[in-house]
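Participant: The structure is given below, and queries will be raised subsequently.
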Number of protein chains: 2
Amino acid sequence: MTTVNKDLQRERERCSFDPFELTHLLDGGVEKTALRREREELFLSDPELQDTIPAEFKSHKEKYEDAIRKGCIVLRKVQEIQNEGKADIDIYSQVLGGMLGSAILKDGNPLTLHYVMFIPAIMGQATVQQQGYWISRAWSCEIIGTYAQTELGHGTFIRGLETTATYDPVTQEFVLNSPTLTSYKWWPGGLGHTANYAVVVAQLYTQGQCKGIHPFIVQLRDEDTHEPLSGIKIGEIGTKLGMNATNNGFLGFDHVRIPREHMLMKNSQVLEDGTYVKAPSDKLTYGTMMFVRVVLIKDIARYLSKAVTIAIRYSAVRRQCQISSDKPEVQIMDYVTQQYKLFPHLAACFAIGMAADWIWEMYNNVTAELDQGELERLPELHALACCLKAVASSDASHGVEQVRLSCGGHGYMSASNLPATYGLLTAACTYEGENTVLFLQTARYLVKAWKQAISGQDLPPTVKYLTLLSRRVKQRPWKNTLTCIIRAHQSVAAGKIRLATENMDRRIRSGLSQEDSWNDTSIELAHAAESHCRAFIVERFSNAVRSLTGISKELHTVLSQLCELYAVYWVLQRVGDFLRFSCLNVEDVPLLQSRLEELLRLIRPNAIGVVDGFDIRDEILGSALGAYDGNVYERLFNEAMKSPLNQESVNESFSLYLRPFLKSNL
Amino acid sequence: MTTVNKDLQRERERCSFDPFELTHLLDGGVEKTALRREREELFLSDPELQDTIPAEFKSHKEKYEDAIRKGCIVLRKVQEIQNEGKADIDIYSQVLGGMLGSAILKDGNPLTLHYVMFIPAIMGQATVQQQGYWISRAWSCEIIGTYAQTELGHGTFIRGLETTATYDPVTQEFVLNSPTLTSYKWWPGGLGHTANYAVVVAQLYTQGQCKGIHPFIVQLRDEDTHEPLSGIKIGEIGTKLGMNATNNGFLGFDHVRIPREHMLMKNSQVLEDGTYVKAPSDKLTYGTMMFVRVVLIKDIARYLSKAVTIAIRYSAVRRQCQISSDKPEVQIMDYVTQQYKLFPHLAACFAIGMAADWIWEMYNNVTAELDQGELERLPELHALACCLKAVASSDASHGVEQVRLSCGGHGYMSASNLPATYGLLTAACTYEGENTVLFLQTARYLVKAWKQAISGQDLPPTVKYLTLLSRRVKQRPWKNTLTCIIRAHQSVAAGKIRLATENMDRRIRSGLSQEDSWNDTSIELAHAAESHCRAFIVERFSNAVRSLTGISKELHTVLSQLCELYAVYWVLQRVGDFLRFSCLNVEDVPLLQSRLEELLRLIRPNAIGVVDGFDIRDEILGSALGAYDGNVYERLFNEAMKSPLNQESVNESFSLYLRPFLKSNL
């Protein structure tokens with residue numbers, strides 16, 4: 001296995017640019033590449049973190065036990081890095097989620113929410129005094145926490161949560177209770193058998209009144225024995241499509257009492273006598289929610305790049321059928337239909353990644369403004385984060401499935417790592433805000449922005465294009481230029497927002513309520529939000545590529561081709577919208593199709609170079625089909641040989657069941 | 001759990017038709033419904049076939065062992081039915097695949113290929129004498145076989161297979177050999193540890209010449225000990241996205257000798273001295289391949305109906321958010337975006353099912369003609385079976401994912417049974433002919449048909465529309481009638497076939513080879529085949545509904561609405577094609593969108609009635625979200641409580657790993 005597959009080698013030889021240049025560009029510099037690689041080496045070369053039997057052969061219980069074992073090793077390593085003073089802010093997201101995390105524990109880590117939700121919730125919602133106590137305990141991992149909000153019967157609509165926390169001024173305690181089965185907490189990661197504390201979101205009752213949902217810190221298990229405390233009903237929710245090591249749990253309360261001081265009171269408070277003191281503003285919790293979504297978009301782009309690397313390398317190695325009968329079988333990447341399945345998703349890795357970088361910067365700016373008391377750009381950020389999370393997760397899951405199918409039967413095997421990658425990505429379509437709900441939140445903002453545009457008001461940068469398009473300026477004739485295509489994407493978005501707004505207003509005028517009109521128009525509203533997001537991504541991609549400085553002409557050419565492919569692909573995917581709302585005419589479509597085919601042809605020779613440039617270690621790819629050396633068949637065979645069923649020539653089910661059955665038929 | 005959820009009950013009360021009428025219609029009569037239910041009862045009420053611990057919690061090895069145990073029980077039951085003289089032709093496909101099979105073993109059955117491929121291969125390719133011996137042994141289950149064709153490095157392109165069978169006239173034996181790793185057989189179900197015989201496809205060498213691929217019957221394991229025979233390297237290929245109990249295996253030969261008589265010689269023969277006698281015609285094996293595809297399309301429709309039933313029932317039970325703040329939370333099925341995610345796939349169950357019925361009848365007719373020596377309709381049948389299998393599997397997998405996502409987080413749980421259903425369906429996009437390859441096979445037929453049409457030749461029924469449309473008759477103005485919409489679907493198909501043909505011819509004229517021109521045009525060719533198939537399905541659905549007699553007006557109305565929804569939905573999904581190739585104009589689109597929304601509204605009150613009419617037993621649905629009583633939350637909770645992790649309050653990973661880690665941080 002030390003030799004590299006000859007086809008892959010030839011692909012690398014004819015690549016027109018230096019893949020390392022792309023690597024450094026994506027990492028943000030040569031030093032950052034070195035640092036990332038060093039960190040990857042530290043974790044991935046540790047024999048304790050390697051599997052002898054791959055997790056997919058194990059039982060659900062064994063998977064969990066192994067995840068705890070590895071999770072503890074990972075955290076101890078992180079502590080060592082901290083003690084050496086080498087930890088940076090990224091380390092938790094790197095080793096718990098992200099590329100490194102998904103390499104160490106493909107199916108998720110039950111300790112993730114301790115850092116990703118429990119500690120942030122305390123930081124965001126506890127008083128300084130509370131933080132002093134809890135953060136120090138949590139940060140040093142004396143306790144392990146999670147965040148329990150969603151209930152069996154209640155997800156996105158958090159006002160509907162049923163768990164109650166009733167203040168008892170006599171004992172100065174809150175009584176937590178689960179009045180119904182649907183009020184059981186359901187889903188939090190690590191809740192099942194791992195965490196001994198949780199931030200629990202419950203309806204606060206004091207002095208006989210409901211004050212809405214508030215966060216409480218609750219001990220779940222004894223710190224020494226790990227036994228659930230009295231009145232706590234707790235366990236795990238069972239297996240899922242993916243992420244089966246995250247120990248998602250349920251939690252019910254039977255009149256569990258906690259001290260008054262365990263309500264997180266940075267914002268609202270309950271005084272000793274039960275008096276409720278309302279938070280001065282509830283906009284301040286806005287930021288944390290968006291933080292998770294913004295980070296998620298970057299992770300989505302990375303997961304997609306794993307899948308695309310795997311499928312593109314495999315497509316260079318796999319040969320099938322002859323195009324001409326006198327030639328050997330063809331690399332499947334030479335089929336134009338295969339290129340069509342692969343390269344648009346290769347382009348999407350950049351498109352989503354660049355949009356993620358931009359919104360990350362915007363998030364930081366807006367947060368800084370927020371600290372200055374300026375809330376002005378918050379709605380714009382929120383609207384953009386919603387639709388970007390939705391488009392990124394939906395495109396990427398669809399993309400993984402398309403590239404998996406492009407690998408034929410072998411893509412269906414766990415050893416390809418494409419099924420697990422899909423499991424991670426499709427989950428993101430639902431968590432942190434269900435995608436349709438998020439599109440409709442963006443749509444609400446867009447409808448407002450559209451009305452401001454036609455009334456001549458100034459609009460924030462990401463919707464400024466509506467101002468121009470609200471004036472219905474005469475559109476220029478179609479040209480196959482990126483400028484024209486970007487403008488067309490904006491025309492489509494504007495046209496769909498206009499049409500949805502008009503349809504909604506028409507329904508209201510006809511006597512329907514505001515709410516019913518919204519619901520009746522919601523298909524068009526959701527589609528409008530998607531088009532807006534697409535226009536944003538295309539423009540962002542184009543601007544980012546255009547503004548790249550100090551890179552070689554060769555790399556710039558490849559990135560420009562990918563950008564154009566993305567833009568053209570999405571015109572053709574939604575060609576009806578463009579015929580309806582942009583200056584594209586029926587006669588222009590064949591030329592656009594030709595351009596698409598030409599771009600596929602241009603990208604083809606550099607496809608391996610681009611995925612090499614992602615510089616994803618074999619352990620992170622975790623795929624027999626995608627390894628750098630391209631020894632696909634040897635690796636598939638070696639993975640199969642790890643199956644416990646293959647450790648014995650005859651399985652005992654033969655003597656137990658099959659033999660008696662066969663012999664009875666003689 | 002004996003009471004039915006109140007929302008579901010109300011839905012049933014307001015249903016405008018009798019769901020039983022639909023059930024009888026789908027089964028083909030009251031008696032057939034009774035027979036189906038009786039058979040389901042026989043298998044599904046057997047306590048030996050029920051799981052105490054659901055398979056998803058078990059290890060890969062345990063899943064296999066359990067599948068063998070259950071598989072033997074199922075076959076013994078089938079034998080009992082045979083002995084009572086009550087077996088019909090459908091029983092094998094029912095209990096091995098199909099709805100009943102997927103209820104007994106959600107993750108597949110390692111004994112399936114014995115009936116589905118091994119026995120049919122012998123029947124189709126063995127001489128009468130060979131059949132006498134082998135069929136009787138196989139039919140009585142003295143031996144268990146599988147069918148080994150695909151290799152690690154070779155799938156769709158069977159001419160590329162590498163396994164060799166070299167005739168040795170001295171001993172009158174064939175020597176089977178696997179010259180390379182890529183020549184190992186890879187994928188056959190039951191091959192890993194279950195079958196002791198296989199029909200093996202290999203390159204025949206005799207008298208120093210390669211005579212192409214031929215089938216051989218090969219003993220793999222000792223009939224008593226089940227140990228692999230000398231020279232046989234065998235095992236399983238590992239875990240997959242789904243179907244993890246099917247024991248897919250690999251198989252390598254190290255100069256394994258088998259008697260000359262083990263070559264299946266119905267068609268070609270090798271005489272004792274090594275003389276090769278060629279088959280008189282190779283068209284006769286055509287039929288078997290199509291048989292599998294034709295049966296598969298019906299199964300695909302059924303699997304989709306499972307998923308749709310689950311999601312629609314859940315959408316009636318689940319409540320989320322308020323539309324108006326003074327009202328309770330809303331059944332999520334009342335959201336128009338939710339209806340849009342569900343009802344087109346409800347319609348697709350009928351669309352695919354009716355197309356499947358039609359092609360099944362065509363298959364039987366063509367097979368009957370074949371026995372008379374008439375081969376005329378074979379290419380038409382082949383072209384239609386290819387694209388129907390591709391569209392059905394691709395639409396249905398996409399449909400399952402959409403309805404799964406419509407169930408939010410709970411759809412992601414194994415207990416929903418939607419992930420496993422996806423696992424079954426998405427596999428069908430690849431096996432029995434990869435979908436893109438199949439589309440291009442249909443396209444080849446369509447290009448030919450188009451050329452015949454423009455040269456004025458008569459065309460077979462399923463492509464007859466091309467004759468009319470090749471004359472470019474003036475199209476009538478758009479009307480939102482089914483007749484106009486069907487015609488428009490045909491115009492789109494014809495337009496795309498014409499354009500692809502022209503583009504290919506243009507490439508050939510410019511000097512490109514036939515093969516390269518085909519490859520360069522293949523995106524458009526594949527799309528044209530899809531449009532052709534869609535036009536067929538829409539017309540078939542419409543004709544089938546129109547020709548239904550003896551059903552109530554109420555049921556007829558519902559089916560007509562579903563038919564129209566399907567037709568309109570696919571215009572709007574491909575609206576660009578319709579603007580380009582049919583008489584649809586930009587101004588017509590909003591009216592069509594309104595009609596779509598109206599149809600969703602009309603179908604809404606009967607959606608539960610329709611899925612009730614599918615009459616899918618709870619054990620077949622296998623879903624906490626989809627059971628008839630709608631007790632979603634109780635069932636989800638009960639399923640979770642079956643997890644082995646929930647049988648103990650503290651998992652041992654606490655004392656082994658977590659406690660030492662936490663305590664070290666004090």
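Residue numbering restarts at 1 for every chain of the structure tokens, chains are lettered A, B, ... in their displayed order, and ligands are numbered from 1 as they appear.
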Might you pull out every residue within 9 Å of region 288-305 of chain B, with only C-alpha atoms counted and same-chain residues fewer than 3 positions away left off, and present them as a VMD selection string?
Facilitator: chain B and resid 97 to 99 102 116 120 to 121 124 284 to 285 308 to 310 345 to 346 348 to 357 359 to 360 363 381 to 382 385 to 386 388 to 389 392 to 393 396 to 397 399 to 400 421 to 422 424 to 425 428 432 to 433 611 614 616
Participant: Leaving out region 434-447 of chain B and any residue of its chain fewer than 6 positions from it, which residues lie within 7 Å of it when counting only C-alpha atoms, given as a list in words?
Facilitator: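 Close residues of region 434-447 of chain B: Ala383, Leu384, Cys386, Cys387, Ala390, Ile497, Thr501, Leu525, Ala526, Ala528, Ala529 and Glu530 of chain B.
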Participant: With distances taken over only C-alpha atoms, which residue among B:Thr557, B:Ser552, B:Thr430, B:Ser547 lies nearest chain A?
Facilitator: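 Of B:Thr557, B:Ser552, B:Thr430, B:Ser547, the one nearest chain A, counting only C-alpha atoms, is B:Thr430.
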Participant: List every residue of region 468-583 of chain B that DSSP, applied to the backbone of this structure, places in alpha helix (DSSP H), and write the result as a PyMOL selection string.
Facilitator: chain B and resi 468-470+482-509+514-520+522-546+553-573+575-581
Participant: Would you list the contacts of region 10-16 of chain A as a PyMOL selection string, taking every protein, DNA or RNA residue within 9 Å and counting only C-alpha atoms, but skipping same-chain residues closer than 6 positions in sequence?
Facilitator: chain A and resi 316+554-555+558+605-610+612
Participant: Nearest to Ser178 (chain A) among A:Ile237, A:Val256, A:Ala347, A:Cys210, with distances taken over only C-alpha atoms: which residue is it?
Facilitator: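 Closest to Ser178 (chain A) of all the choices is A:Val256.
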Participant: Enter the distance from CA of Ile454 (chain A) to CA of Asn585 (chain A), in Å, rounded to one decimal.
Facilitator: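 So the two atoms, CA of Ile454 (chain A) and CA of Asn585 (chain A), lie 26.3 Å apart.
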Participant: I'd like the contact shell of region 2-6 of chain B - 9 Å cut-off, only C-alpha atoms, skipping same-chain residues fewer than 4 positions apart - returned as a list in words.
Facilitator: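 The neighbour list is Arg10, Glu11, Val317, Tyr628, Asp629, Gly630, Asn631 and Val632 of chain B.
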Participant: Work out how far apart CA of Met362 (chain B) and CA of Ala535 (chain B) are and give it in Å to one decimal.
Facilitator: 17.5 Å
Participant: If you measure from CA of Gly208 (chain A) to CA of Ser268 (chain A), what distance in Å do you get, rounded to one decimal?
Facilitator: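 These two atoms are separated by 17.0 Å.
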Participant: With a distance cut-off of 9 Å and only C-alpha atoms, select the neighbouring residues of Trp518 (chain B), excluding the residue or stretch itself and same-chain residues fewer than 6 positions from it, and output the selection as JSON, numbers by chain.
Facilitator: {"B": [504, 507, 508, 525]}
Participant: Under the rule that only C-alpha atoms are counted, which of A:Ala103, A:Leu599, A:Leu579, A:Leu25 is the nearest residue to Leu621 (chain A)?
Facilitator: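 Checking each candidate against Leu621 (chain A), we get A:Ala103 as the closest.
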